[in-house]
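Student: The following file, coords33.cif, comprises mmCIF, C-alpha atoms, pLDDT in the B column; chains and numbers go by the auth columns:
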data_run
loop_
_atom_site.group_PDB
_atom_site.id
_atom_site.type_symbol
_atom_site.label_atom_id
_atom_site.label_comp_id
_atom_site.label_asym_id
_atom_site.label_seq_id
_atom_site.Cartn_x
_atom_site.Cartn_y
_atom_site.Cartn_z
_atom_site.B_iso_or_equiv
_atom_site.auth_seq_id
_atom_site.auth_asym_id
ATOM 1 C CA MET A 1 0.000 0.000 0.000 33.00 1 G
ATOM 2 C CA THR A 2 1.479 3.335 -0.954 34.00 2 G
ATOM 3 C CA SER A 3 1.527 6.292 1.404 31.00 3 G
ATOM 4 C CA ALA A 4 -0.659 8.185 -1.075 31.00 4 G
ATOM 5 C CA ALA A 5 -3.366 5.528 -0.808 32.00 5 G
ATOM 6 C CA ARG A 6 -3.383 5.859 2.991 30.00 6 G
ATOM 7 C CA THR A 7 -4.285 9.544 2.778 29.00 7 G
ATOM 8 C CA LEU A 8 -7.299 9.172 0.473 30.00 8 G
ATOM 9 C CA ALA A 9 -11.025 9.400 1.275 36.00 9 G
ATOM 10 C CA PRO A 10 -12.655 10.208 4.600 38.00 10 G
ATOM 11 C CA GLU A 11 -13.834 7.426 6.892 46.00 11 G
ATOM 12 C CA THR A 12 -17.478 7.269 5.822 48.00 12 G
ATOM 13 C CA PRO A 13 -19.626 4.155 5.358 56.00 13 G
ATOM 14 C CA VAL A 14 -19.684 2.494 1.958 54.00 14 G
ATOM 15 C CA THR A 15 -22.926 3.653 0.334 48.00 15 G
ATOM 16 C CA ASP A 16 -22.304 2.523 -3.260 54.00 16 G
ATOM 17 C CA PRO A 17 -20.267 -0.722 -3.487 54.00 17 G
ATOM 18 C CA ALA A 18 -19.642 -0.118 -7.176 54.00 18 G
ATOM 19 C CA GLU A 19 -18.052 3.254 -6.411 76.00 19 G
ATOM 20 C CA PRO A 20 -16.154 3.002 -3.122 85.00 20 G
ATOM 21 C CA THR A 21 -13.511 5.560 -2.317 90.00 21 G
ATOM 22 C CA ALA A 22 -9.967 4.712 -3.372 91.00 22 G
ATOM 23 C CA ARG A 23 -9.092 3.846 0.214 92.00 23 G
ATOM 24 C CA GLN A 24 -12.143 1.607 0.638 94.00 24 G
ATOM 25 C CA ALA A 25 -11.403 -0.096 -2.690 93.00 25 G
ATOM 26 C CA ALA A 26 -7.894 -0.844 -1.416 93.00 26 G
ATOM 27 C CA VAL A 27 -9.434 -2.564 1.619 95.00 27 G
ATOM 28 C CA LEU A 28 -11.761 -4.642 -0.571 94.00 28 G
ATOM 29 C CA ASP A 29 -8.852 -5.640 -2.785 93.00 29 G
ATOM 30 C CA ALA A 30 -6.970 -6.657 0.382 93.00 30 G
ATOM 31 C CA VAL A 31 -9.879 -8.960 1.308 93.00 31 G
ATOM 32 C CA LEU A 32 -9.765 -10.576 -2.135 92.00 32 G
ATOM 33 C CA ALA A 33 -5.997 -11.037 -1.876 92.00 33 G
ATOM 34 C CA LEU A 34 -6.336 -12.688 1.546 92.00 34 G
ATOM 35 C CA MET A 35 -9.016 -15.045 0.227 89.00 35 G
ATOM 36 C CA GLN A 36 -6.719 -15.994 -2.619 89.00 36 G
ATOM 37 C CA GLU A 37 -3.848 -16.686 -0.215 89.00 37 G
ATOM 38 C CA GLN A 38 -5.632 -18.119 2.813 84.00 38 G
ATOM 39 C CA GLY A 39 -9.035 -19.338 1.694 77.00 39 G
ATOM 40 C CA GLY A 40 -11.841 -18.864 4.179 70.00 40 G
ATOM 41 C CA GLN A 41 -9.747 -18.075 7.242 75.00 41 G
ATOM 42 C CA LEU A 42 -10.563 -14.391 7.094 82.00 42 G
ATOM 43 C CA THR A 43 -10.645 -12.162 10.161 88.00 43 G
ATOM 44 C CA MET A 44 -11.136 -8.436 10.611 93.00 44 G
ATOM 45 C CA THR A 45 -7.724 -8.339 12.288 94.00 45 G
ATOM 46 C CA ALA A 46 -6.032 -9.876 9.248 93.00 46 G
ATOM 47 C CA VAL A 47 -7.814 -7.489 6.886 94.00 47 G
ATOM 48 C CA ALA A 48 -6.880 -4.468 9.008 95.00 48 G
ATOM 49 C CA ARG A 49 -3.260 -5.579 9.068 94.00 49 G
ATOM 50 C CA ARG A 50 -3.096 -6.206 5.304 94.00 50 G
ATOM 51 C CA ALA A 51 -4.894 -2.946 4.458 93.00 51 G
ATOM 52 C CA SER A 52 -2.890 -0.876 6.974 93.00 52 G
ATOM 53 C CA CYS A 53 -5.959 0.434 8.741 93.00 53 G
ATOM 54 C CA SER A 54 -7.638 -0.026 12.112 94.00 54 G
ATOM 55 C CA LYS A 55 -10.389 -2.522 12.916 94.00 55 G
ATOM 56 C CA GLU A 56 -12.453 0.452 14.074 94.00 56 G
ATOM 57 C CA THR A 57 -12.275 1.870 10.553 95.00 57 G
ATOM 58 C CA LEU A 58 -13.421 -1.440 9.088 95.00 58 G
ATOM 59 C CA TYR A 59 -16.419 -1.573 11.412 95.00 59 G
ATOM 60 C CA LYS A 60 -17.248 2.055 10.647 94.00 60 G
ATOM 61 C CA TRP A 61 -17.143 1.474 6.902 94.00 61 G
ATOM 62 C CA PHE A 62 -18.684 -2.004 6.641 93.00 62 G
ATOM 63 C CA GLY A 63 -20.559 -2.620 9.902 93.00 63 G
ATOM 64 C CA ASP A 64 -19.352 -6.171 10.615 91.00 64 G
ATOM 65 C CA ARG A 65 -17.661 -9.147 8.940 88.00 65 G
ATOM 66 C CA ASP A 66 -20.743 -9.991 6.855 87.00 66 G
ATOM 67 C CA GLY A 67 -20.940 -6.357 5.784 91.00 67 G
ATOM 68 C CA LEU A 68 -17.305 -6.479 4.703 92.00 68 G
ATOM 69 C CA LEU A 69 -17.881 -9.720 2.778 89.00 69 G
ATOM 70 C CA THR A 70 -20.973 -8.269 1.103 90.00 70 G
ATOM 71 C CA ALA A 71 -19.093 -5.140 0.035 92.00 71 G
ATOM 72 C CA THR A 72 -16.242 -7.298 -1.288 91.00 72 G
ATOM 73 C CA VAL A 73 -18.584 -9.420 -3.400 90.00 73 G
ATOM 74 C CA GLN A 74 -20.371 -6.324 -4.696 89.00 74 G
ATOM 75 C CA TRP A 75 -17.035 -4.728 -5.550 90.00 75 G
ATOM 76 C CA GLN A 76 -15.910 -7.778 -7.518 87.00 76 G
ATOM 77 C CA ALA A 77 -19.287 -8.157 -9.250 87.00 77 G
ATOM 78 C CA SER A 78 -19.327 -4.465 -10.188 86.00 78 G
ATOM 79 C CA ARG A 79 -16.565 -5.226 -12.695 84.00 79 G
ATOM 80 C CA VAL A 80 -19.177 -7.012 -14.825 84.00 80 G
ATOM 81 C CA ARG A 81 -21.195 -4.385 -16.661 76.00 81 G
ATOM 82 C CA ALA A 82 -23.657 -4.460 -19.500 67.00 82 G
ATOM 83 C CA GLY A 83 -22.399 -2.919 -22.720 60.00 83 G
ATOM 84 C CA ARG A 84 -23.075 0.745 -23.344 64.00 84 G
ATOM 85 C CA TYR A 85 -25.659 1.614 -25.971 63.00 85 G
ATOM 86 C CA ASP A 86 -28.095 4.349 -26.918 66.00 86 G
ATOM 87 C CA ARG A 87 -31.573 2.971 -26.265 68.00 87 G
ATOM 88 C CA GLN A 88 -32.993 5.413 -28.801 71.00 88 G
ATOM 89 C CA LYS A 89 -30.710 4.062 -31.514 77.00 89 G
ATOM 90 C CA LEU A 90 -30.494 0.387 -30.578 88.00 90 G
ATOM 91 C CA ASP A 91 -30.076 -1.729 -33.688 92.00 91 G
ATOM 92 C CA ALA A 92 -28.881 -5.244 -34.462 93.00 92 G
ATOM 93 C CA SER A 93 -25.234 -4.186 -34.509 93.00 93 G
ATOM 94 C CA SER A 94 -25.255 -2.291 -31.209 92.00 94 G
ATOM 95 C CA LEU A 95 -27.243 -5.075 -29.522 94.00 95 G
ATOM 96 C CA ARG A 96 -24.721 -7.654 -30.703 95.00 96 G
ATOM 97 C CA ASP A 97 -21.857 -5.481 -29.467 94.00 97 G
ATOM 98 C CA SER A 98 -23.494 -5.032 -26.043 93.00 98 G
ATOM 99 C CA LEU A 99 -24.079 -8.758 -25.582 95.00 99 G
ATOM 100 C CA ARG A 100 -20.612 -9.670 -26.804 95.00 100 G
ATOM 101 C CA ASP A 101 -18.959 -7.094 -24.532 94.00 101 G
ATOM 102 C CA PHE A 102 -20.961 -8.293 -21.535 93.00 102 G
ATOM 103 C CA ALA A 103 -19.967 -11.915 -22.169 95.00 103 G
ATOM 104 C CA ALA A 104 -16.292 -11.021 -22.584 95.00 104 G
ATOM 105 C CA ASN A 105 -16.358 -8.858 -19.469 92.00 105 G
ATOM 106 C CA TRP A 106 -18.005 -11.594 -17.401 93.00 106 G
ATOM 107 C CA LEU A 107 -15.635 -14.308 -18.639 94.00 107 G
ATOM 108 C CA SER A 108 -12.652 -12.095 -17.777 93.00 108 G
ATOM 109 C CA VAL A 109 -13.934 -11.619 -14.233 91.00 109 G
ATOM 110 C CA ILE A 110 -14.894 -15.224 -13.437 92.00 110 G
ATOM 111 C CA SER A 111 -11.588 -16.542 -14.800 92.00 111 G
ATOM 112 C CA SER A 112 -9.517 -14.224 -12.598 91.00 112 G
ATOM 113 C CA ALA A 113 -7.654 -15.725 -9.646 91.00 113 G
ATOM 114 C CA THR A 114 -9.555 -13.490 -7.223 90.00 114 G
ATOM 115 C CA SER A 115 -12.984 -14.620 -8.426 91.00 115 G
ATOM 116 C CA ILE A 116 -11.962 -18.263 -8.343 92.00 116 G
ATOM 117 C CA ALA A 117 -10.754 -17.863 -4.749 91.00 117 G
ATOM 118 C CA LEU A 118 -13.881 -15.955 -3.716 91.00 118 G
ATOM 119 C CA ASN A 119 -16.232 -18.551 -5.173 92.00 119 G
ATOM 120 C CA ARG A 120 -14.311 -21.446 -3.653 92.00 120 G
ATOM 121 C CA VAL A 121 -14.601 -19.833 -0.216 89.00 121 G
ATOM 122 C CA ALA A 122 -18.318 -19.147 -0.786 90.00 122 G
ATOM 123 C CA ILE A 123 -18.963 -22.798 -1.703 92.00 123 G
ATOM 124 C CA THR A 124 -17.079 -23.998 1.381 89.00 124 G
ATOM 125 C CA HIS A 125 -18.982 -21.626 3.651 86.00 125 G
ATOM 126 C CA ALA A 126 -22.326 -22.587 2.113 89.00 126 G
ATOM 127 C CA ALA A 127 -21.637 -26.282 2.711 89.00 127 G
ATOM 128 C CA SER A 128 -20.399 -25.835 6.279 85.00 128 G
ATOM 129 C CA LYS A 129 -22.824 -23.050 7.287 82.00 129 G
ATOM 130 C CA GLN A 130 -19.711 -21.187 8.423 77.00 130 G
ATOM 131 C CA SER A 131 -21.103 -17.876 7.241 80.00 131 G
ATOM 132 C CA ASN A 132 -23.693 -16.350 4.926 84.00 132 G
ATOM 133 C CA LEU A 133 -21.121 -15.863 2.160 86.00 133 G
ATOM 134 C CA GLY A 134 -22.783 -18.297 -0.250 89.00 134 G
ATOM 135 C CA GLN A 135 -26.043 -16.348 -0.196 90.00 135 G
ATOM 136 C CA ILE A 136 -24.136 -13.065 -0.360 89.00 136 G
ATOM 137 C CA VAL A 137 -22.390 -14.228 -3.538 89.00 137 G
ATOM 138 C CA LEU A 138 -25.680 -15.367 -5.072 90.00 138 G
ATOM 139 C CA GLU A 139 -27.514 -12.123 -4.324 89.00 139 G
ATOM 140 C CA ASN A 140 -24.709 -9.709 -5.164 84.00 140 G
ATOM 141 C CA GLY A 141 -23.039 -11.771 -7.880 85.00 141 G
ATOM 142 C CA ARG A 142 -25.218 -13.929 -10.112 88.00 142 G
ATOM 143 C CA PHE A 143 -28.549 -12.225 -9.355 92.00 143 G
ATOM 144 C CA ALA A 144 -27.159 -8.670 -9.469 89.00 144 G
ATOM 145 C CA ILE A 145 -25.396 -9.383 -12.755 89.00 145 G
ATOM 146 C CA GLY A 146 -28.673 -10.682 -14.164 91.00 146 G
ATOM 147 C CA ASP A 147 -30.361 -7.436 -13.171 92.00 147 G
ATOM 148 C CA ARG A 148 -27.776 -5.545 -15.241 90.00 148 G
ATOM 149 C CA LEU A 149 -28.208 -7.533 -18.432 93.00 149 G
ATOM 150 C CA LYS A 150 -31.955 -8.181 -18.426 95.00 150 G
ATOM 151 C CA PRO A 151 -32.780 -4.546 -19.320 93.00 151 G
ATOM 152 C CA VAL A 152 -30.567 -4.902 -22.411 93.00 152 G
ATOM 153 C CA LEU A 153 -32.504 -7.983 -23.471 96.00 153 G
ATOM 154 C CA GLU A 154 -35.816 -6.227 -22.873 95.00 154 G
ATOM 155 C CA GLU A 155 -34.668 -3.194 -24.843 94.00 155 G
ATOM 156 C CA GLY A 156 -33.744 -5.551 -27.672 95.00 156 G
ATOM 157 C CA ARG A 157 -37.224 -7.062 -27.545 96.00 157 G
ATOM 158 C CA ALA A 158 -38.860 -3.626 -27.468 94.00 158 G
ATOM 159 C CA ALA A 159 -36.807 -2.643 -30.513 93.00 159 G
ATOM 160 C CA GLY A 160 -38.095 -5.695 -32.403 95.00 160 G
ATOM 161 C CA LEU A 161 -34.667 -7.351 -32.450 96.00 161 G
ATOM 162 C CA LEU A 162 -35.307 -10.206 -30.019 97.00 162 G
ATOM 163 C CA GLN A 163 -38.252 -12.499 -29.408 97.00 163 G
ATOM 164 C CA PHE A 164 -38.855 -14.205 -26.051 97.00 164 G
ATOM 165 C CA ASP A 165 -41.604 -14.487 -23.448 97.00 165 G
ATOM 166 C CA ASP A 166 -39.585 -14.954 -20.256 98.00 166 G
ATOM 167 C CA THR A 167 -36.717 -12.532 -19.593 97.00 167 G
ATOM 168 C CA GLU A 168 -35.210 -14.722 -16.886 97.00 168 G
ATOM 169 C CA ALA A 169 -35.190 -17.764 -19.176 97.00 169 G
ATOM 170 C CA ALA A 170 -33.580 -15.746 -21.974 98.00 170 G
ATOM 171 C CA PHE A 171 -30.925 -14.444 -19.588 97.00 171 G
ATOM 172 C CA ARG A 172 -30.150 -17.916 -18.273 97.00 172 G
ATOM 173 C CA THR A 173 -29.725 -19.167 -21.818 98.00 173 G
ATOM 174 C CA PHE A 174 -27.260 -16.397 -22.626 97.00 174 G
ATOM 175 C CA PHE A 175 -25.472 -16.906 -19.308 95.00 175 G
ATOM 176 C CA GLY A 176 -25.098 -20.605 -20.030 96.00 176 G
ATOM 177 C CA LEU A 177 -23.900 -20.097 -23.585 97.00 177 G
ATOM 178 C CA ALA A 178 -21.288 -17.594 -22.435 96.00 178 G
ATOM 179 C CA GLY A 179 -20.071 -19.533 -19.410 94.00 179 G
ATOM 180 C CA ARG A 180 -20.420 -23.109 -20.671 94.00 180 G
ATOM 181 C CA ASP A 181 -18.366 -25.279 -18.266 95.00 181 G
ATOM 182 C CA VAL A 182 -15.645 -22.671 -17.741 94.00 182 G
ATOM 183 C CA GLN A 183 -16.393 -21.703 -14.145 92.00 183 G
ATOM 184 C CA ILE A 184 -16.808 -25.228 -12.772 93.00 184 G
ATOM 185 C CA ARG A 185 -13.590 -26.352 -14.461 95.00 185 G
ATOM 186 C CA LEU A 186 -11.676 -23.427 -12.977 93.00 186 G
ATOM 187 C CA LEU A 187 -13.166 -23.998 -9.526 93.00 187 G
ATOM 188 C CA LEU A 188 -12.077 -27.632 -9.673 94.00 188 G
ATOM 189 C CA GLY A 189 -8.515 -26.706 -10.563 92.00 189 G
ATOM 190 C CA ASP A 190 -8.413 -27.247 -14.307 93.00 190 G
ATOM 191 C CA ALA A 191 -5.478 -25.362 -15.805 88.00 191 G
ATOM 192 C CA LEU A 192 -7.748 -23.744 -18.391 88.00 192 G
ATOM 193 C CA THR A 193 -6.103 -20.939 -20.337 84.00 193 G
ATOM 194 C CA LEU A 194 -8.369 -17.990 -21.044 89.00 194 G
ATOM 195 C CA GLY A 195 -6.434 -15.138 -22.596 92.00 195 G
ATOM 196 C CA LYS A 196 -7.954 -12.079 -24.222 94.00 196 G
ATOM 197 C CA ALA A 197 -8.124 -13.747 -27.624 95.00 197 G
ATOM 198 C CA GLU A 198 -9.867 -16.865 -26.280 95.00 198 G
ATOM 199 C CA ILE A 199 -12.332 -14.781 -24.270 96.00 199 G
ATOM 200 C CA ALA A 200 -13.146 -12.558 -27.254 96.00 200 G
ATOM 201 C CA ARG A 201 -13.710 -15.615 -29.432 96.00 201 G
ATOM 202 C CA ASP A 202 -15.915 -17.389 -26.888 96.00 202 G
ATOM 203 C CA ALA A 203 -17.945 -14.228 -26.237 96.00 203 G
ATOM 204 C CA ALA A 204 -18.561 -13.747 -29.961 97.00 204 G
ATOM 205 C CA VAL A 205 -19.601 -17.390 -30.438 98.00 205 G
ATOM 206 C CA ALA A 206 -21.979 -17.256 -27.442 98.00 206 G
ATOM 207 C CA THR A 207 -23.564 -14.066 -28.747 97.00 207 G
ATOM 208 C CA ASP A 208 -24.065 -15.507 -32.218 98.00 208 G
ATOM 209 C CA GLN A 209 -25.622 -18.657 -30.741 98.00 209 G
ATOM 210 C CA PHE A 210 -27.965 -16.613 -28.553 98.00 210 G
ATOM 211 C CA LEU A 211 -29.063 -14.435 -31.463 97.00 211 G
ATOM 212 C CA THR A 212 -29.697 -17.556 -33.534 97.00 212 G
ATOM 213 C CA LEU A 213 -32.076 -18.753 -30.818 97.00 213 G
ATOM 214 C CA TYR A 214 -33.752 -15.469 -29.897 97.00 214 G
ATOM 215 C CA GLY A 215 -33.049 -12.998 -32.679 95.00 215 G
ATOM 216 C CA ARG A 216 -35.804 -12.115 -35.117 86.00 216 G
ATOM 217 C CA LYS A 217 -35.072 -13.166 -38.672 74.00 217 G
ATOM 218 C CA HIS A 218 -36.675 -9.969 -39.895 64.00 218 G
ATOM 219 C CA PRO A 219 -36.521 -7.381 -37.072 57.00 219 G
ATOM 220 C CA GLU A 220 -39.756 -5.497 -36.512 58.00 220 G
ATOM 221 C CA PRO A 221 -39.851 -1.739 -36.050 59.00 221 G
ATOM 222 C CA ALA A 222 -39.672 -0.639 -32.436 54.00 222 G
ATOM 223 C CA ALA A 223 -43.013 0.041 -30.788 55.00 223 G
ATOM 224 C CA ALA A 224 -44.002 3.709 -30.797 52.00 224 G
#
Written as structure tokens, how would this file's structure read?

Tutor:
Amino acid sequence: MTSAARTLAPETPVTDPAEPTARQAAVLDAVLALMQEQGGQLTMTAVARRASCSKETLYKWFGDRDGLLTATVQWQASRVRAGRYDRQKLDASSLRDSLRDFAANWLSVISSATSIALNRVAITHAASKQSNLGQIVLENGRFAIGDRLKPVLEEGRAAGLLQFDDTEAAFRTFFGLAGRDVQIRLLLGDALTLGKAEIARDAAVATDQFLTLYGRKHPEPAAA
């Protein structure tokens, strides 16, 4: 931790996990690093020591250990964002780009060492009832990410580019096409190589497959 990082941001509670202060983000990154190194043996004392801050500061910012874990999961999940597009000018090309960018972004995050460590700890805690981390990861990871992409799918349907009845089912199809068996293989220790080129290729293939299933052959004009 640099001395400059120690002087940033006042000690205020985390109100937006996607936009913590630089100092708070450093703490959350310290939690992820500790999970990667030590697994589930995470204490507030260890986090305070690694992040060069006091336990009092941690409690002030995050409330308690579950609050810190929740903020950490939200911080990691915030790296997965839906592609940017102009809803007034959404067409087949911009929809394809948004879906492809989302898939590539998500694959990059879940294949990172920090995400693998976080999910392994969450699975262990869920099985042992050691903490509420499994539910925290579900609510602030998978479900929150779904909430970011579903509006894109619905905008595509409103624009006459996609056809589906159930948004959740459409999202799960896209999620499955993009992820395939990648996450489970990584969690189980498979030395799977996912560089930028492989991720870009897989994201493009998943998007094309999804559009084959749900894209309109002859897009209808958007509803007035």

Student: If I take CA of Trp61 (chain G) and CA of Ala48 (chain G), how far is one from the other in Å, to one decimal?

Tutor: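 Taking CA of Trp61 (chain G) and CA of Ala48 (chain G), their separation equals 12.0 Å.
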
Student: Determine the nearest neighbour of Ile145 (chain G) from the options G:Val109, G:Ile116, G:Leu28, G:Leu58, counting only C-alpha atoms.

Tutor: G:Val109

Student: Within 12 Å of (-4.3, -18.8, -20.7) (coordinates as in the file), grab all the protein and nucleic acid residues, counting only C-alpha atoms, and write them out as a PyMOL selection string.

Tutor: chain G and resi 108+111-113+186+190-199

Student: Where does the PyMOL selection byres ((chain G and resi 34) around 10) land in this file, that is, which residues does it pick, as a list in words?

Tutor: Leu28, Asp29, Ala30, Val31, Leu32, Ala33, Met35, Gln36, Glu37, Gln38, Gly39, Gly40, Gln41, Leu42, Thr43, Ala46, Val47, Arg50, Thr114, Ala117 and Leu118 of chain G

Student: For the file shown, report as an NGL selection string the outcome of the PyMOL selection byres ((chain G and resi 165-170) around 12) at residue level.

Tutor: :G and (143 or 145-158 or 162-164 or 171-177 or 210-211 or 213-215)
